[in-house]
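The structure file data-v9.tsv is reproduced below (TSV, C-alpha atoms).
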```tsv
chain	number	residue	atom	x	y	z
O	400	MET	CA	4.71	-18.89	-1.61
O	401	LYS	CA	7.07	-16.12	-2.61
O	402	ASN	CA	7.75	-13.54	0.13
O	403	ILE	CA	6.77	-10.12	-1.25
O	404	GLY	CA	7.30	-8.22	2.03
O	405	ALA	CA	3.69	-8.09	3.26
O	406	PRO	CA	3.10	-6.13	6.52
O	407	LYS	CA	3.88	-8.09	9.71
O	408	ARG	CA	1.15	-8.97	12.23
O	409	SER	CA	2.98	-7.13	15.06
O	410	ASN	CA	2.73	-3.93	12.98
O	411	TRP	CA	-1.07	-4.30	12.82
O	412	ILE	CA	-1.33	-4.68	16.60
O	413	ARG	CA	0.87	-1.64	17.18
O	414	TRP	CA	-1.15	0.32	14.60
O	415	ILE	CA	-4.52	-0.28	16.26
O	416	ASP	CA	-3.36	0.04	19.90
O	417	PRO	CA	-4.33	3.56	21.15
O	418	ARG	CA	-2.17	3.32	24.32
O	419	GLY	CA	0.59	5.89	24.51
O	420	LYS	CA	-0.54	7.71	21.39
O	421	SER	CA	-0.98	11.49	21.21
O	422	THR	CA	-4.43	13.04	20.67
O	423	GLY	CA	-3.50	13.79	17.07
O	424	SER	CA	-2.51	10.16	16.46
O	425	ILE	CA	-5.74	8.88	18.06
O	426	GLY	CA	-7.75	11.24	15.82
O	427	PHE	CA	-5.75	9.92	12.88
O	428	LEU	CA	-6.45	6.31	13.90
O	429	VAL	CA	-10.20	7.07	14.30
O	430	ASN	CA	-10.19	8.45	10.75
O	431	ARG	CA	-8.41	5.40	9.35
O	432	LEU	CA	-10.83	2.99	11.10
O	433	ALA	CA	-13.94	4.95	10.04
O	434	GLY	CA	-12.54	5.07	6.50
O	435	LEU	CA	-11.96	1.31	6.41
O	436	GLY	CA	-15.51	0.69	7.68
O	437	LEU	CA	-16.96	3.06	5.09
O	438	THR	CA	-14.92	1.44	2.30
O	439	LEU	CA	-16.33	-1.95	3.25
O	440	TYR	CA	-19.85	-0.45	3.36
O	441	LEU	CA	-19.36	1.26	-0.04
O	442	PHE	CA	-18.59	-1.98	-1.86
O	443	MET	CA	-21.39	-3.87	-0.06
O	444	HIS	CA	-23.77	-1.02	-0.94
O	445	LEU	CA	-22.75	-1.18	-4.61
O	446	ILE	CA	-23.28	-4.93	-4.77
O	447	VAL	CA	-26.71	-4.66	-3.11
O	448	LEU	CA	-27.73	-1.87	-5.52
O	449	GLY	CA	-27.32	-4.48	-8.27
O	450	LYS	CA	-30.89	-5.46	-7.29
O	451	LEU	CA	-32.00	-2.34	-9.18
O	452	ALA	CA	-30.97	-4.05	-12.42
O	453	GLN	CA	-33.09	-7.08	-11.46
O	454	GLY	CA	-36.29	-5.03	-11.48
O	455	LYS	CA	-38.96	-3.59	-9.20
O	456	GLU	CA	-39.87	-6.76	-7.32
O	457	SER	CA	-36.29	-7.55	-6.40
O	458	PHE	CA	-35.40	-4.01	-5.27
O	459	ASP	CA	-38.64	-3.29	-3.39
O	460	GLY	CA	-38.35	-6.68	-1.70
O	461	PHE	CA	-34.90	-5.68	-0.49
O	462	THR	CA	-36.00	-2.21	0.74
O	463	ALA	CA	-38.90	-3.81	2.63
O	464	MET	CA	-36.33	-5.95	4.44
O	465	ALA	CA	-34.07	-2.90	4.98
O	466	HIS	CA	-36.76	-1.30	7.20
O	467	ASN	CA	-35.72	-3.83	9.85
O	468	PRO	CA	-34.62	-1.76	12.91
O	469	PHE	CA	-31.23	-3.53	13.04
O	470	ILE	CA	-30.48	-2.51	9.45
O	471	VAL	CA	-31.73	1.03	10.11
O	472	ALA	CA	-29.41	1.16	13.16
O	473	GLY	CA	-26.56	0.08	10.86
O	474	GLU	CA	-27.47	2.88	8.43
O	475	VAL	CA	-27.42	5.40	11.30
O	476	LEU	CA	-23.95	4.11	12.22
O	477	VAL	CA	-22.89	4.73	8.61
O	478	VAL	CA	-24.20	8.33	8.81
O	479	PHE	CA	-22.23	8.81	12.05
O	480	ALA	CA	-19.07	7.33	10.45
O	481	VAL	CA	-19.50	9.57	7.39
O	482	MET	CA	-19.76	12.70	9.55
O	483	LEU	CA	-16.85	11.62	11.76
O	484	HIS	CA	-14.62	10.71	8.82
O	485	GLY	CA	-15.58	13.81	6.82
O	486	ILE	CA	-15.12	16.47	9.49
O	487	ASN	CA	-12.16	14.72	11.13
O	488	GLY	CA	-10.56	14.36	7.68
O	489	LEU	CA	-10.87	18.10	7.22
O	490	ARG	CA	-9.24	18.61	10.65
O	491	ILE	CA	-6.34	16.31	9.68
O	492	ALA	CA	-5.83	18.14	6.38
O	493	LEU	CA	-5.83	21.51	8.19
O	494	THR	CA	-3.49	20.23	10.91
O	495	GLY	CA	-1.25	18.83	8.15
O	496	ILE	CA	-0.73	22.33	6.77
O	497	GLY	CA	-0.05	23.69	10.27
O	498	TYR	CA	-3.48	25.12	11.18
O	499	ASN	CA	-4.63	24.81	14.82
O	500	VAL	CA	-2.06	22.13	15.70
O	501	GLY	CA	-2.16	23.12	19.39
O	502	SER	CA	-5.87	22.48	19.99
O	503	GLN	CA	-6.35	19.03	18.49
O	504	LYS	CA	-8.04	17.58	21.57
O	505	ARG	CA	-10.68	20.32	21.65
O	506	MET	CA	-11.26	20.01	17.90
O	507	LEU	CA	-11.63	16.24	18.19
O	508	VAL	CA	-14.24	16.62	20.97
O	509	VAL	CA	-16.19	19.18	18.88
O	510	ILE	CA	-16.07	16.82	15.86
O	511	PHE	CA	-17.45	13.93	17.94
O	512	VAL	CA	-20.26	16.15	19.29
O	513	ILE	CA	-21.23	17.31	15.76
O	514	ALA	CA	-21.11	13.74	14.38
O	515	ILE	CA	-23.27	12.43	17.25
O	516	ALA	CA	-25.78	15.30	16.89
O	517	ILE	CA	-26.18	14.75	13.13
O	518	GLY	CA	-26.30	10.96	13.64
O	519	LEU	CA	-29.10	11.44	16.21
O	520	TYR	CA	-31.03	13.72	13.85
O	521	PHE	CA	-30.84	11.12	11.07
O	522	ALA	CA	-31.73	8.38	13.57
O	523	LEU	CA	-34.93	10.19	14.56
O	524	ARG	CA	-35.92	10.66	10.91
O	525	MET	CA	-34.92	7.17	9.79
O	526	PHE	CA	-36.48	5.32	12.70
O	527	GLY	CA	-39.62	7.37	12.03
O	528	GLY	CA	-39.75	5.58	8.67
O	529	ALA	CA	-38.84	2.15	10.06
O	530	GLU	CA	-41.58	-0.38	10.65
U	943	MET	CA	2.03	10.36	12.08
U	944	MET	CA	1.44	6.73	12.96
U	945	SER	CA	4.56	5.23	11.51
U	946	LYS	CA	7.22	5.94	8.97
U	947	SER	CA	6.91	4.09	5.72
U	948	SER	CA	9.70	2.98	3.48
U	949	ILE	CA	7.48	4.16	0.62
U	950	SER	CA	5.93	7.54	1.32
U	951	GLU	CA	2.65	8.63	-0.20
U	952	ASN	CA	3.15	10.46	-3.48
U	953	GLY	CA	2.33	14.20	-3.11
U	954	ILE	CA	-0.04	14.15	-6.08
U	955	LEU	CA	-1.90	11.12	-4.71
U	956	TRP	CA	-2.15	12.83	-1.30
U	957	PHE	CA	-3.62	15.91	-2.98
U	958	ILE	CA	-6.10	13.81	-5.01
U	959	LYS	CA	-7.16	11.99	-1.82
U	960	GLN	CA	-7.76	15.26	0.07
U	961	GLY	CA	-9.49	16.97	-2.87
U	962	SER	CA	-11.69	13.97	-3.60
U	963	GLY	CA	-12.50	13.80	0.13
U	964	VAL	CA	-13.93	17.33	0.09
U	965	LEU	CA	-15.96	16.53	-3.07
U	966	VAL	CA	-17.21	13.26	-1.58
U	967	PHE	CA	-18.32	15.04	1.60
U	968	ILE	CA	-20.40	17.56	-0.40
U	969	LEU	CA	-21.91	14.93	-2.73
U	970	ILE	CA	-22.60	12.45	0.07
U	971	MET	CA	-24.65	15.10	1.88
U	972	VAL	CA	-26.91	15.42	-1.19
U	973	HIS	CA	-27.04	11.62	-1.53
U	974	MET	CA	-27.97	11.07	2.14
U	975	VAL	CA	-30.53	13.88	2.29
U	976	VAL	CA	-32.31	12.59	-0.84
U	977	ASN	CA	-32.18	8.94	0.18
U	978	HIS	CA	-32.80	9.15	3.91
U	979	LEU	CA	-34.47	12.47	4.68
U	980	VAL	CA	-36.61	13.35	1.65
U	981	ALA	CA	-37.86	9.77	1.11
U	982	GLU	CA	-40.99	9.32	3.22
U	983	THR	CA	-40.13	5.87	4.54
U	984	GLY	CA	-36.41	6.59	4.84
U	985	LEU	CA	-35.56	4.66	1.65
U	986	LEU	CA	-36.42	5.27	-2.01
U	987	SER	CA	-38.64	2.71	-3.72
U	988	TYR	CA	-37.76	1.29	-7.15
U	989	THR	CA	-40.17	3.74	-8.84
U	990	ASP	CA	-38.61	6.67	-6.91
U	991	VAL	CA	-35.07	5.60	-7.92
U	992	VAL	CA	-36.04	5.23	-11.59
U	993	HIS	CA	-37.74	8.65	-11.52
U	994	TYR	CA	-34.70	10.18	-9.74
U	995	PHE	CA	-32.19	8.75	-12.25
U	996	ALA	CA	-34.33	9.71	-15.27
U	997	ASN	CA	-32.92	13.23	-14.88
U	998	PRO	CA	-29.58	13.11	-16.79
U	999	TRP	CA	-28.02	15.69	-14.46
U	1000	ILE	CA	-28.81	13.53	-11.44
U	1001	ALA	CA	-27.41	10.47	-13.25
U	1002	PHE	CA	-24.27	12.45	-14.07
U	1003	MET	CA	-23.93	13.72	-10.49
U	1004	GLU	CA	-24.41	10.26	-8.96
U	1005	SER	CA	-21.97	8.65	-11.44
U	1006	SER	CA	-19.37	11.35	-10.70
U	1007	PHE	CA	-19.96	10.86	-6.98
U	1008	LEU	CA	-19.43	7.14	-7.38
U	1009	ILE	CA	-16.15	7.52	-9.29
U	1010	VAL	CA	-14.81	10.12	-6.84
U	1011	VAL	CA	-15.81	8.06	-3.78
U	1012	ILE	CA	-14.17	4.91	-5.24
U	1013	ILE	CA	-10.93	6.83	-5.93
U	1014	HIS	CA	-10.99	8.33	-2.42
U	1015	ALA	CA	-11.74	4.98	-0.75
U	1016	LEU	CA	-9.03	3.06	-2.59
U	1017	LEU	CA	-6.41	5.80	-2.09
U	1018	GLY	CA	-7.33	5.77	1.61
U	1019	PHE	CA	-6.99	1.99	1.71
U	1020	ARG	CA	-3.57	2.33	0.06
U	1021	SER	CA	-2.56	4.89	2.73
U	1022	VAL	CA	-3.52	2.40	5.45
U	1023	ILE	CA	-1.32	-0.24	3.78
U	1024	LEU	CA	1.55	2.28	3.65
U	1025	ASP	CA	1.20	2.76	7.45
U	1026	PHE	CA	2.63	-0.76	7.82
U	1027	ASN	CA	5.91	-0.17	6.01
U	1028	PRO	CA	5.32	-2.60	3.15
U	1029	SER	CA	8.14	-3.41	0.75
U	1030	GLN	CA	8.24	-1.93	-2.74
U	1031	SER	CA	7.61	-5.36	-4.26
U	1032	PHE	CA	4.45	-5.72	-2.12
U	1033	MET	CA	3.17	-2.36	-3.36
U	1034	LYS	CA	3.95	-3.39	-6.94
U	1035	VAL	CA	1.38	-6.15	-6.44
U	1036	ILE	CA	-1.18	-4.03	-4.53
U	1037	ASP	CA	-1.19	-0.93	-6.78
U	1038	PRO	CA	-2.41	-2.67	-9.98
U	1039	ILE	CA	-5.05	-4.55	-7.94
U	1040	LEU	CA	-6.39	-1.24	-6.60
U	1041	VAL	CA	-6.41	0.34	-10.08
U	1042	ILE	CA	-8.26	-2.67	-11.54
U	1043	ALA	CA	-10.76	-2.64	-8.64
U	1044	ALA	CA	-11.39	1.10	-9.22
U	1045	ILE	CA	-12.00	0.54	-12.95
U	1046	ILE	CA	-14.30	-2.47	-12.41
U	1047	PHE	CA	-16.44	-0.84	-9.71
U	1048	SER	CA	-16.64	2.49	-11.60
U	1049	ALA	CA	-17.73	0.69	-14.78
U	1050	TYR	CA	-20.26	-1.36	-12.81
U	1051	GLY	CA	-21.68	1.80	-11.17
U	1052	ILE	CA	-21.96	3.64	-14.48
U	1053	TRP	CA	-23.63	0.61	-16.10
U	1054	LEU	CA	-26.11	0.46	-13.19
U	1055	THR	CA	-26.84	4.21	-13.45
U	1056	VAL	CA	-27.43	3.97	-17.20
U	1057	THR	CA	-29.56	0.82	-16.81
U	1058	VAL	CA	-31.78	2.37	-14.13
U	1059	GLY	CA	-31.99	5.74	-15.92
U	1060	SER	CA	-33.02	4.08	-19.19
U	1061	VAL	CA	-36.00	2.27	-17.56
U	1062	ALA	CA	-37.94	5.55	-17.41
U	1063	LEU	CA	-37.34	6.31	-21.11
```

Could I get this structure in the form of structure tokens?
Amino acid sequence: MKNIGAPKRSNWIRWIDPRGKSTGSIGFLVNRLAGLGLTLYLFMHLIVLGKLAQGKESFDGFTAMAHNPFIVAGEVLVVFAVMLHGINGLRIALTGIGYNVGSQKRMLVVIFVIAIAIGLYFALRMFGGAE
Amino acid sequence: MMSKSSISENGILWFIKQGSGVLVFILIMVHMVVNHLVAETGLLSYTDVVHYFANPWIAFMESSFLIVVIIHALLGFRSVILDFNPSQSFMKVIDPILVIAAIIFSAYGIWLTVTVGSVAL
């Protein structure tokens, strides 16, 4: 197979390893990982929504299965990842233009607290609807 | 940043990624509230979805959301690839794949929106 200069495996290991990284870089890594997870979820979600085109029985059969607590827990995780990626992304954009560069650790802690609080709120509502 | 890349992210693409990110965050809030908070059982039934998409403004908003989220996701994925210092020839293979994926998934999403919206008519 022709070598087209694909990324090396050692680069991937270095990329994901949080050791020795600054707070800003860890926040950046968290955003990348949450983004990758959400991208995977987005395309799975789109494929599953294809059941809508198959009619009422097919879609309602799927939603009945989606009330399974494990799937609801997965959905709560998605809500948490959305909040984390969204607010942390805003922090990265602001830091990128030089705003609040000195207090990244504090901002990251606040972002985690907000994401967990909103995730918990959704969890209470969504598990209320789970069977 | 994480690592220097031999190919840096184009300034316009960076701006599109950030701008689409803000739009996605606003639209995803509406999407999540409607689908997981307003719906009594935490998920919309087929009848609810059909009724929801019968409103052309909702169908337009959800289609726009879908296109923007696909653009944001694929630009983000491209940024992750750039973190690994790929060669220009590698990116010449990846870029068209991402563009084709964006077109296919956007078309699929719009088709689904129109199909579901037309059921109520």

Original post:
Between O:Ile425, O:Ile415, O:Leu523, O:Ala514, which is the closest to Val477 (chain O) once you count only C-alpha atoms?
Top reply: O:Ala514

**OP:** Provide as a PyMOL selection string the residues of chain U at most 9 Å from chain O, counting only C-alpha atoms.
**Re:** chain U and resi 943-945+960+963-964+966-967+970+974+978-979+981-989+991-992+1011-1012+1015-1016+1018-1019+1021-1023+1025-1033+1035+1047+1050-1051+1054+1057-1058

**OP:** Could you please give me, as a ChimeraX atom specification, the residues of protein, DNA or RNA lying at most 12 Å from (-6.8, 17.7, 24.5) in the coordinate frame of the file, considering only C-alpha atoms?
**Re:** /O:421-426,500-509

**OP:** Could you check how far CA of Asn467 (chain O) sits from CA of Ile515 (chain O), in Å to one decimal?
**Re:**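 CA of Asn467 (chain O) sits 21.8 Å away from CA of Ile515 (chain O).
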
Expected axis-aligned box over every listed atom of region 460-479 of chain O, 8 Å added per side, centre plus edges in Å to one decimal, as AutoDock Vina command-line options:
```
--center_x -30.6 --center_y 1.1 --center_z 5.7 --size_x 32.7 --size_y 31.5 --size_z 30.9
```

**OP:** Rounded to one decimal place, report the CA of Gly953 (chain U)-CA of Ala433 (chain O) distance in Å.
**Re:** 22.9 Å

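Put simply, CA of Ile1036 (chain U) is 18.5 Å away from CA of Ile958 (chain U).
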